[in-house]
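Novice: Before we start, here is the structure in question, set down as structure tokens.
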Amino acid sequence: MLHDTFKHRGMRKKLVETLRSKGIKDEAVLSAINAIPRHLFLDSSFLEFAYQDQAFPIGSGQTISQPYTVAFQTELLEIKAGETVLEVGTGSGYQACVFGEMGAKVFSVERQKKLFDKTKKFLSQFNYRIKVFYGDGYKGLPAFAPFDKIIVTAGAPFVPEDLLKQLKIGGRLVIPVNMGKDIQEMTCIQRIDENDYEKRLHGQFRFVPLLTDKAND
Ligand code: SAH
């Protein structure tokens, strides 16, 4: 059961104002965050942390990204209703719901089997167009490519070639790329034509690492 209360809605409004004050401007992003009950994505014992602007552990050694980071990446992608989005790193499923709430069709890949199973089941309660896949995000999802937008929600050691190839012309990839130990540069890459890409950098962030191969742990 999806349980949302007046109190939670109030806390969410405050979170949205915090994100606005930190520079998030895309109203569609802010209204998606205002709509999604983030407290349901955390274990119930951590409810009081759900609407603070911080990352949080979700089990299997993984985290739900900080709301500001979710908003920042989503804003860079300039999501429009009807677009197809590939997400690498499903995690809690929160980011996927933000895209879903904005009217996108989402394909999300997770490499941790336990987390994949849990989140797949959890997401089935929502009426969003989200499909989750158990696999290695470095490879993308060639069967469903090309995508309008691609997001990577873990720190990548490099920009995977397969992801670039799965972008539509004019499409965008937003990916945090390692620039040192435990620190990434937010990178936005637009595909200009078949072989040309334009890259822009957007400051430093911290993510859990993008790992190779599937995991059963
Ligand atoms: N988008 C998530 C945040 C996820 S944290 C959310 O909204 O909650 C990053 C996620 O990437 C973790 O769940 C981790 O297991 C996953 N991950 C790491 N390497 C991966 C890979 N190669 N392919 C797919 N998922 C990966």
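Each chain of the structure tokens is named A, B, ... in the order shown, its residues numbered from 1; ligands are numbered from 1 in display order.
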Around ligand 1, at most 7 Å away and counting only C-alpha atoms and all ligand atoms, which residues are there? Put them as a PyMOL selection string, please.
Specialist: chain A and resi 62-65+88-96+109-112+115+135-138+153-154+208-213
Novice: For Glu161 (chain A), please output as a count of residues only all residues within 12 Å (counting only C-alpha atoms; exclusion window: fewer than 2 positions along the same chain).
Specialist: 15
Novice: Considering only C-alpha atoms, state which residue in the set A:Tyr134, A:Tyr68, A:Phe6, A:Phe205 is at the smallest distance from Lys120 (chain A).
Specialist: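 Of all the options, A:Tyr134 lies closest to Lys120 (chain A).
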Novice: Do a neighbour search on Ala32 (chain A) at 12 Å with only C-alpha atoms, toss out local chain neighbours closer than 4 positions, and write the hits as a PyMOL selection string.
Specialist: chain A and resi 12-13+15-16+26-28+36-38+67+70-71+74-75+79+94-104
Novice: Quick one, how far is CA of Phe56 (chain A) from CA of Cys188 (chain A)?
Specialist: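 So the two atoms, CA of Phe56 (chain A) and CA of Cys188 (chain A), lie 24.6 Å apart.
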Novice: Here is a test: counting only C-alpha atoms, which residue of A:Leu42, A:Met179, A:Leu141, A:Ile169 is nearest to Ile192 (chain A)?
Specialist: A:Ile169
Novice: Would you give me, as a PyMOL selection string, the residues in region 63-147 of chain A that DSSP reads as alpha helix (DSSP H)?
Specialist: chain A and resi 67-77+94-101+113-123
Novice: What is the CA of Phe147 (chain A)-CA of Leu77 (chain A) distance in Å, reported with one decimal?
Specialist: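 It comes out at 11.9 Å.
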Novice: Counting only C-alpha atoms, which residue out of A:Lys168, A:Lys105, A:Arg20, A:Lys118 sits closest to Asp196 (chain A)?
Specialist: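 Under the stated criterion, the closest residue is A:Lys168.
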Novice: Per DSSP on the backbone, filter region 53-122 of chain A down to the residues in strand (DSSP E) and report them as an NGL selection string.
Specialist: :A and (56-59 or 62-64 or 84-88 or 105-110)
Novice: Ranking A:Gly59, A:Gly82, A:Pro142, A:Pro160 by minimum distance to Thr119 (chain A) and counting only C-alpha atoms, which one comes first?
Specialist: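 Checking each of A:Gly59, A:Gly82, A:Pro142, A:Pro160 against Thr119 (chain A), counting only C-alpha atoms, the winner is A:Gly59.
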Novice: Can you work out which one of A:Glu83, A:Glu78, A:Asp182, A:Asp148 has the shortest atom-to-atom distance to Arg206 (chain A), counting only C-alpha atoms?
Specialist: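 Under the stated criterion, the closest residue is A:Asp182.
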Novice: Tell me which of A:Val106, A:Pro146, A:Tyr128, A:Asp117 sits closest to Val85 (chain A), counting only C-alpha atoms.
Specialist: A:Val106
Novice: What does the structure give for the distance between CA of Pro157 (chain A) and CA of Gly171 (chain A), in Å to one decimal?
Specialist: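 Between CA of Pro157 (chain A) and CA of Gly171 (chain A) the gap is 21.7 Å.
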Novice: Tell me, as an NGL selection string, which residues lie within 12 Å of Glu48 (chain A), counting only C-alpha atoms; anything in the same chain fewer than 3 positions away does not count.
Specialist: :A and (7-8 or 11-12 or 38-40 or 42-45 or 51-54 or 56)
